file coords04.tsv (TSV, C-alpha atoms (C1' of nucleotides))
chain	number	residue	atom	x	y	z
A	158	MET	CA	0.00	0.00	0.00
A	159	THR	CA	1.46	3.32	-1.03
A	160	GLU	CA	1.62	6.33	1.20
A	161	ASP	CA	-0.70	8.24	-1.06
A	162	GLN	CA	-3.31	5.56	-0.71
A	163	LYS	CA	-3.04	5.63	3.03
A	164	ASN	CA	-3.27	9.40	3.09
A	165	GLU	CA	-6.29	9.19	0.85
A	166	LEU	CA	-7.89	6.77	3.23
A	167	LEU	CA	-7.87	9.07	6.23
A	168	GLY	CA	-10.39	11.45	4.67
A	169	GLU	CA	-12.53	8.68	3.28
A	170	TYR	CA	-12.47	6.81	6.55
A	171	LEU	CA	-13.53	9.90	8.47
A	172	LYS	CA	-16.30	10.61	6.01
A	173	ARG	CA	-17.59	7.05	6.24
A	174	SER	CA	-17.49	7.26	10.02
A	175	ARG	CA	-19.40	10.53	10.04
A	176	LEU	CA	-22.09	9.29	7.66
A	177	SER	CA	-22.55	6.08	9.63
A	178	ILE	CA	-23.71	8.03	12.66
A	179	PRO	CA	-25.05	10.03	10.73
A	180	MET	CA	-23.99	13.61	11.30
A	181	SER	CA	-23.75	16.61	9.02
A	182	LEU	CA	-20.56	18.61	8.69
A	183	ARG	CA	-22.15	21.35	10.75
A	184	ALA	CA	-23.35	18.93	13.39
A	185	VAL	CA	-19.75	17.87	13.87
A	186	GLU	CA	-18.72	21.50	14.03
A	187	ARG	CA	-21.18	22.02	16.86
A	188	ALA	CA	-20.17	18.85	18.70
A	189	THR	CA	-16.45	19.51	18.58
A	190	ASP	CA	-14.34	22.32	19.88
A	191	GLY	CA	-13.09	24.19	16.86
A	192	VAL	CA	-13.45	21.76	13.97
A	193	THR	CA	-15.33	23.89	11.45
A	194	ASN	CA	-17.48	22.37	8.75
A	195	GLY	CA	-15.43	23.78	5.91
A	196	TYR	CA	-12.23	22.48	7.38
A	197	LEU	CA	-13.73	19.05	7.92
A	198	SER	CA	-14.75	19.07	4.28
A	199	GLN	CA	-11.14	19.69	3.35
A	200	ILE	CA	-9.98	16.82	5.52
A	201	GLU	CA	-12.51	14.39	4.05
A	202	SER	CA	-11.55	15.36	0.51
A	203	GLY	CA	-7.89	14.80	1.24
A	204	GLN	CA	-6.80	18.42	0.88
A	205	ILE	CA	-5.47	18.34	4.41
A	206	LYS	CA	-2.90	15.62	4.64
A	207	GLN	CA	-2.04	15.64	8.33
A	208	PRO	CA	-4.57	17.11	10.74
A	209	SER	CA	-3.16	17.89	14.16
A	210	PRO	CA	-3.48	15.38	17.01
A	211	ASN	CA	-5.98	17.70	18.67
A	212	VAL	CA	-8.32	17.70	15.67
A	213	LEU	CA	-8.03	13.93	15.37
A	214	TYR	CA	-8.82	13.63	19.06
A	215	GLN	CA	-11.96	15.73	18.66
A	216	LEU	CA	-13.16	13.60	15.78
A	217	ALA	CA	-12.32	10.35	17.52
A	218	SER	CA	-14.36	11.48	20.50
A	219	THR	CA	-17.43	12.56	18.60
A	220	TYR	CA	-17.40	9.59	16.22
A	221	GLY	CA	-16.50	7.07	18.89
A	222	LEU	CA	-13.34	6.04	17.05
A	223	ASP	CA	-9.99	4.94	18.38
A	224	TYR	CA	-7.75	7.98	18.72
A	225	ARG	CA	-4.60	5.91	18.40
A	226	ASP	CA	-5.84	4.46	15.13
A	227	LEU	CA	-6.52	7.91	13.73
A	228	LEU	CA	-3.01	8.98	14.63
A	229	VAL	CA	-1.67	6.03	12.68
A	230	ARG	CA	-3.87	6.77	9.67
A	231	ALA	CA	-2.67	10.38	9.73
A	232	ARG	CA	0.88	9.04	9.78
A	233	HIS	CA	1.85	10.51	13.09
A	234	HIS	CA	4.34	8.78	15.34
A	235	VAL	CA	2.46	6.92	18.06
A	236	PRO	CA	3.94	6.23	21.49
A	237	VAL	CA	4.19	2.57	22.30
A	238	ALA	CA	4.23	2.05	26.02
A	239	GLU	CA	3.40	3.62	29.33
A	240	SER	CA	5.64	6.46	30.33
A	241	ASN	CA	8.56	5.43	32.48
A	242	GLU	CA	10.27	8.74	32.06
A	243	GLU	CA	10.82	9.05	35.77
A	244	LYS	CA	12.61	5.79	36.01
A	245	THR	CA	14.62	5.82	32.83
A	246	SER	CA	15.71	9.41	32.57
A	247	GLU	CA	15.41	11.15	35.87
A	248	LEU	CA	15.50	8.79	38.79
A	249	ALA	CA	18.99	7.52	38.44
A	250	GLY	CA	20.30	10.90	37.42
A	251	ILE	CA	21.91	12.22	34.33
A	252	PRO	CA	23.91	9.19	33.22
A	253	LEU	CA	20.87	7.17	32.14
A	254	ARG	CA	19.78	9.72	29.62
A	255	ALA	CA	23.22	9.85	28.11
A	256	LEU	CA	23.44	6.12	27.72
A	257	SER	CA	20.73	5.54	25.18
A	258	ASP	CA	22.70	6.23	22.03
A	259	LEU	CA	25.91	4.50	22.87
A	260	THR	CA	27.33	1.83	20.65
A	261	PRO	CA	27.62	-1.68	22.09
A	262	ASP	CA	31.36	-1.19	22.37
A	263	GLU	CA	30.97	2.04	24.26
A	264	ARG	CA	28.41	0.46	26.57
A	265	LYS	CA	30.86	-2.23	27.46
A	266	GLN	CA	33.47	0.38	28.27
A	267	VAL	CA	31.02	2.32	30.43
A	268	THR	CA	30.01	-0.82	32.27
A	269	GLU	CA	33.61	-1.68	32.95
A	270	TYR	CA	34.32	1.85	34.06
A	271	ILE	CA	31.46	1.68	36.53
A	272	ALA	CA	32.72	-1.62	37.86
A	273	TRP	CA	36.16	-0.14	38.23
A	274	LEU	CA	34.75	2.85	40.09
A	275	LYS	CA	33.14	0.56	42.61
A	276	THR	CA	36.34	-1.31	43.25
A	277	ARG	CA	37.95	1.91	44.38
A	278	ARG	CA	35.50	2.55	47.20
B	295	MET	CA	1.80	23.22	38.44
B	296	THR	CA	0.05	25.65	36.11
B	297	GLU	CA	-0.37	25.08	32.41
B	298	ASP	CA	1.79	28.06	31.58
B	299	GLN	CA	4.59	26.67	33.64
B	300	LYS	CA	4.33	23.38	31.84
B	301	ASN	CA	4.46	25.11	28.47
B	302	GLU	CA	7.48	27.06	29.53
B	303	LEU	CA	9.17	23.93	30.64
B	304	LEU	CA	9.20	22.10	27.32
B	305	GLY	CA	12.01	24.21	25.88
B	306	GLU	CA	13.97	24.29	29.10
B	307	TYR	CA	13.56	20.58	29.56
B	308	LEU	CA	14.78	19.87	26.05
B	309	LYS	CA	17.75	22.16	26.53
B	310	ARG	CA	18.65	20.50	29.80
B	311	SER	CA	18.41	17.11	28.15
B	312	ARG	CA	20.59	18.15	25.23
B	313	LEU	CA	23.29	19.65	27.44
B	314	SER	CA	23.39	16.60	29.69
B	315	ILE	CA	24.47	14.38	26.84
B	316	PRO	CA	26.16	16.76	25.80
B	317	MET	CA	25.43	17.71	22.22
B	318	SER	CA	25.58	20.99	20.32
B	319	LEU	CA	22.59	22.31	18.42
B	320	ARG	CA	24.32	21.33	15.21
B	321	ALA	CA	25.15	17.85	16.48
B	322	VAL	CA	21.43	17.35	17.03
B	323	GLU	CA	20.75	18.68	13.56
B	324	ARG	CA	23.09	16.05	12.16
B	325	ALA	CA	21.69	13.26	14.32
B	326	THR	CA	18.05	13.94	13.51
B	327	ASP	CA	16.15	13.99	10.27
B	328	GLY	CA	15.26	17.60	9.62
B	329	VAL	CA	15.56	19.32	12.99
B	330	THR	CA	17.78	22.28	12.13
B	331	ASN	CA	19.93	23.99	14.74
B	332	GLY	CA	18.19	27.33	14.42
B	333	TYR	CA	14.80	25.77	14.82
B	334	LEU	CA	15.91	23.82	17.85
B	335	SER	CA	17.14	27.06	19.33
B	336	GLN	CA	13.66	28.48	18.87
B	337	ILE	CA	12.10	25.50	20.57
B	338	GLU	CA	14.46	25.69	23.55
B	339	SER	CA	13.82	29.41	23.97
B	340	GLY	CA	10.07	28.86	23.97
B	341	GLN	CA	9.34	30.65	20.71
B	342	ILE	CA	7.83	27.46	19.34
B	343	LYS	CA	5.03	26.42	21.63
B	344	GLN	CA	3.93	23.14	20.09
B	345	PRO	CA	6.46	21.29	17.94
B	346	SER	CA	4.92	18.59	15.79
B	347	PRO	CA	4.83	14.99	17.00
B	348	ASN	CA	7.44	14.10	14.41
B	349	VAL	CA	9.93	16.66	15.71
B	350	LEU	CA	9.32	15.54	19.28
B	351	TYR	CA	9.87	11.97	18.19
B	352	GLN	CA	13.20	12.86	16.62
B	353	LEU	CA	14.35	14.60	19.77
B	354	ALA	CA	13.11	11.83	22.03
B	355	SER	CA	15.09	9.35	19.96
B	356	THR	CA	18.35	11.26	19.89
B	357	TYR	CA	18.19	12.30	23.54
B	358	GLY	CA	16.91	8.98	24.78
B	359	LEU	CA	13.80	10.56	26.26
B	360	ASP	CA	10.31	9.18	26.53
B	361	TYR	CA	8.31	10.21	23.45
B	362	ARG	CA	5.02	10.02	25.31
B	363	ASP	CA	6.29	12.37	27.97
B	364	LEU	CA	7.37	14.90	25.38
B	365	LEU	CA	3.92	14.78	23.80
B	366	VAL	CA	2.41	15.57	27.19
B	367	ARG	CA	4.83	18.43	27.82
B	368	ALA	CA	3.97	19.85	24.39
B	369	ARG	CA	0.30	19.60	25.35
B	370	HIS	CA	-0.69	17.15	22.67
B	371	HIS	CA	-3.43	14.64	23.31
B	372	VAL	CA	-1.86	11.29	24.12
B	373	PRO	CA	-3.58	7.95	23.49
B	374	VAL	CA	-4.08	5.74	26.51
B	375	ALA	CA	-1.48	3.11	27.11
B	376	GLU	CA	-2.05	-0.37	25.77
B	377	SER	CA	-0.89	-2.19	28.83
B	378	ASN	CA	1.21	-1.84	31.92
B	379	GLU	CA	4.39	-3.62	31.02
B	380	GLU	CA	7.16	-4.50	33.36
B	381	LYS	CA	9.58	-1.70	33.56
B	382	THR	CA	12.87	-2.47	31.89
B	383	SER	CA	15.52	-3.80	34.16
B	384	GLU	CA	18.20	-2.46	31.94
B	385	LEU	CA	18.73	0.43	29.60
B	386	ALA	CA	20.91	0.36	26.55
B	387	GLY	CA	22.26	-2.95	27.74
B	388	ILE	CA	23.41	-1.62	31.06
B	389	PRO	CA	21.66	-3.01	34.13
B	390	LEU	CA	19.89	-0.31	36.05
B	391	ARG	CA	21.18	-1.89	39.22
B	392	ALA	CA	24.67	-0.94	38.20
B	393	LEU	CA	23.71	2.69	38.04
B	394	SER	CA	21.16	3.19	40.76
B	395	ASP	CA	23.60	2.67	43.61
B	396	LEU	CA	26.21	5.11	42.43
B	397	THR	CA	27.08	8.11	44.54
B	398	PRO	CA	26.47	11.58	43.03
B	399	ASP	CA	30.22	11.94	42.66
B	400	GLU	CA	30.50	8.70	40.79
B	401	ARG	CA	27.61	9.63	38.52
B	402	LYS	CA	29.38	12.80	37.60
B	403	GLN	CA	32.47	10.84	36.72
B	404	VAL	CA	30.44	8.45	34.59
B	405	THR	CA	28.81	11.36	32.80
B	406	GLU	CA	32.14	12.88	32.01
B	407	TYR	CA	33.48	9.57	30.86
B	408	ILE	CA	30.54	9.15	28.48
B	409	ALA	CA	31.00	12.65	27.14
B	410	TRP	CA	34.64	11.92	26.58
B	411	LEU	CA	33.78	8.69	24.76
B	412	LYS	CA	31.55	10.62	22.38
B	413	THR	CA	34.22	13.15	21.57
B	414	ARG	CA	36.40	10.32	20.32
B	415	ARG	CA	33.96	9.20	17.60
C	120	DC	C1'	48.71	38.17	15.80
C	121	DG	C1'	45.55	35.99	11.66
C	122	DG	C1'	42.63	32.58	10.31
C	123	DC	C1'	39.69	28.74	10.80
C	124	DA	C1'	36.05	26.06	12.77
C	125	DC	C1'	32.28	25.78	15.75
C	126	DT	C1'	29.14	27.65	18.96
C	127	DG	C1'	24.30	29.70	19.89
C	128	DC	C1'	21.00	32.67	18.05
C	129	DA	C1'	18.39	36.19	15.38
C	130	DT	C1'	15.32	36.86	11.50
C	131	DA	C1'	13.13	37.08	7.02
C	132	DG	C1'	10.82	34.06	4.25
C	133	DT	C1'	8.07	29.68	3.04
C	134	DC	C1'	4.51	26.44	3.60
C	135	DA	C1'	0.65	23.85	5.31
C	136	DA	C1'	-2.83	23.74	8.92
C	137	DG	C1'	-6.77	26.04	10.29
C	138	DT	C1'	-10.55	30.13	9.92
C	139	DA	C1'	-14.21	32.98	7.97
C	140	DA	C1'	-17.27	33.95	4.67
C	141	DG	C1'	-20.25	32.90	1.25
C	142	DC	C1'	-22.29	30.28	-2.78
C	143	DA	C1'	-25.30	26.65	-5.15
C	144	DA	C1'	-28.15	22.81	-4.54
C	145	DA	C1'	-31.44	20.23	-1.73
C	146	DT	C1'	-35.08	19.97	1.48
C	147	DG	C1'	-38.73	21.69	4.09
C	148	DT	C1'	-42.84	24.64	5.11
C	149	DG	C1'	-46.61	27.66	4.56
D	61	DC	C1'	-45.46	28.93	-5.78
D	62	DA	C1'	-42.28	31.92	-2.55
D	63	DC	C1'	-39.16	31.73	1.36
D	64	DA	C1'	-36.26	30.02	4.79
D	65	DT	C1'	-33.07	26.61	6.48
D	66	DT	C1'	-29.62	23.17	5.98
D	67	DT	C1'	-26.67	20.75	3.23
D	68	DG	C1'	-21.69	20.12	1.28
D	69	DC	C1'	-18.28	22.68	-0.54
D	70	DT	C1'	-15.00	26.37	-2.24
D	71	DT	C1'	-11.68	29.96	-1.48
D	72	DA	C1'	-9.25	33.92	0.19
D	73	DC	C1'	-7.02	34.80	4.26
D	74	DT	C1'	-4.51	34.22	8.82
D	75	DT	C1'	-1.44	31.93	11.86
D	76	DG	C1'	2.25	29.37	13.47
D	77	DA	C1'	5.49	25.65	12.55
D	78	DC	C1'	9.55	25.22	10.07
D	79	DT	C1'	13.66	26.65	6.68
D	80	DA	C1'	17.56	29.27	5.01
D	81	DT	C1'	20.86	32.40	5.79
D	82	DG	C1'	23.93	34.84	8.13
D	83	DC	C1'	26.19	37.10	12.05
D	84	DA	C1'	28.80	37.82	16.56
D	85	DG	C1'	31.33	35.41	20.10
D	86	DT	C1'	34.75	31.84	21.50
D	87	DG	C1'	38.46	28.75	21.43
D	88	DC	C1'	42.23	26.62	18.96
D	89	DC	C1'	46.27	26.08	16.04
D	90	DG	C1'	50.11	27.93	13.63
call {"tool": "encode", "arguments": {"input": "coords04.tsv", "output": "structure tokens"}}
result
Amino acid sequence: MTEDQKNELLGEYLKRSRLSIPMSLRAVERATDGVTNGYLSQIESGQIKQPSPNVLYQLASTYGLDYRDLLVRARHHVPVAESNEEKTSELAGIPLRALSDLTPDERKQVTEYIAWLKTRR
Amino acid sequence: MTEDQKNELLGEYLKRSRLSIPMSLRAVERATDGVTNGYLSQIESGQIKQPSPNVLYQLASTYGLDYRDLLVRARHHVPVAESNEEKTSELAGIPLRALSDLTPDERKQVTEYIAWLKTRR
DNA sequence: CGGCACTGCATAGTCAAGTAAGCAAATGTG
DNA sequence: CACATTTGCTTACTTGACTATGCAGTGCCG
């Protein structure tokens, strides 16, 4: 499936979802916070390629769709797992953040360096 | 914490994260796909309030930050998590245990060692 | 000292998302 | 029939994310 086809699908999918309820463009405008009927028309016709997450969230809510799925269809990056920001980046201090883009070789050196540090206590 | 404070924090947080690695604005530009140094400067100084998910994803990847957390800090709607997985017991191949019991002094030494490793690339 | 490379940053311009206004075709209503 | 309302849709315009370019400061090497 080409990217164009997938882009095309977002608008068609949203239009199908709206009609299945069914709601008019202006009904959606009233139900959402700031998604105007003209703009929605542009989205459904594919003129808007990548609506913002906020707009997608509004539509997902009023249509009863899965927000995550809309993000994917709009080709946005979607987070995978629960946030463990505290643990991975903050809790153990600065070193953890710096570790993530090391090469395997460098990791080994860091590990050995840590071990060596502990022997000097 | 007010919403304004949280908005303000995105840039500062990203700057802190970049400096802790440490990388220059241009190093980030090289490491990412399309995040220019000037633009990153704007983000860090708060001139850009809501960088796109894609940009946040690039930065999360190169800094080793949690993408979901960045989305929240940028005030984007975030899909609910799929499941509560076990938190990783290691990061970048280095056991968390090896890092969590370091003294602040030792962490500083590790940080400097990592920075030094990266200058030798 | 000169020159070179790299730093952060300022800024004018570009581009796509999003708004506002209105038009033509249905549909309804008396 | 006349008229009002609602429909989907178009389009000019605004706004803000993002790009391209360049400039001043700093350190380094000869």
call {"tool": "atom_distance", "arguments": {"input": "coords04.tsv", "atom1": "CA of Gly340 (chain B)", "atom2": "CA of Leu304 (chain B)"}}
result
7.6 Å
call {"tool": "residues_around", "arguments": {"input": "coords04.tsv", "residues": "region 122-136 of chain C", "least_positions_apart": "6", "cutoff": "10 Å", "atoms": "all atoms listed in the file", "output": "ChimeraX atom specification"}}
result
/A:196,205-209 /B:318-320,331-333,335-336,339 /D:75-90
call {"tool": "atom_distance", "arguments": {"input": "coords04.tsv", "atom1": "CA of Arg173 (chain A)", "atom2": "C1' of DG68 (chain D)"}}
result
14.6 Å
call {"tool": "atom_distance", "arguments": {"input": "coords04.tsv", "atom1": "CA of Tyr357 (chain B)", "atom2": "CA of His370 (chain B)"}}
result
19.5 Å
call {"tool": "closest_residue", "arguments": {"input": "coords04.tsv", "among": "A:Ile200, A:Ile178, A:Leu213, A:Val192", "to": "chain B", "atoms": "all atoms listed in the file"}}
result
A:Leu213
call {"tool": "residues_around", "arguments": {"input": "coords04.tsv", "residues": "DG149 (chain C)", "least_positions_apart": "5", "cutoff": "12 Å", "atoms": "all atoms listed in the file", "output": "PyMOL selection string"}}
result
chain D and resi 61-64
call {"tool": "interface_residues", "arguments": {"input": "coords04.tsv", "of": "chain C", "to": "chain A", "cutoff": "12 Å", "atoms": "only C-alpha atoms (C1' of nucleotides)", "output": "VMD selection string"}}
result
chain C and resid 135 to 141
call {"tool": "closest_residue", "arguments": {"input": "coords04.tsv", "among": "A:Thr219, A:Asn211, A:Gln204, A:Ser177", "to": "chain D", "atoms": "all atoms listed in the file"}}
result
A:Gln204
call {"tool": "axis_aligned_box", "arguments": {"input": "coords04.tsv", "around": "region 342-347 of chain B", "padding_each_side": "8 Å", "output": "lines of an AutoDock Vina configuration file"}}
result
center_x = 5.9
center_y = 21.2
center_z = 18.7
size_x = 19.9
size_y = 28.5
size_z = 21.8
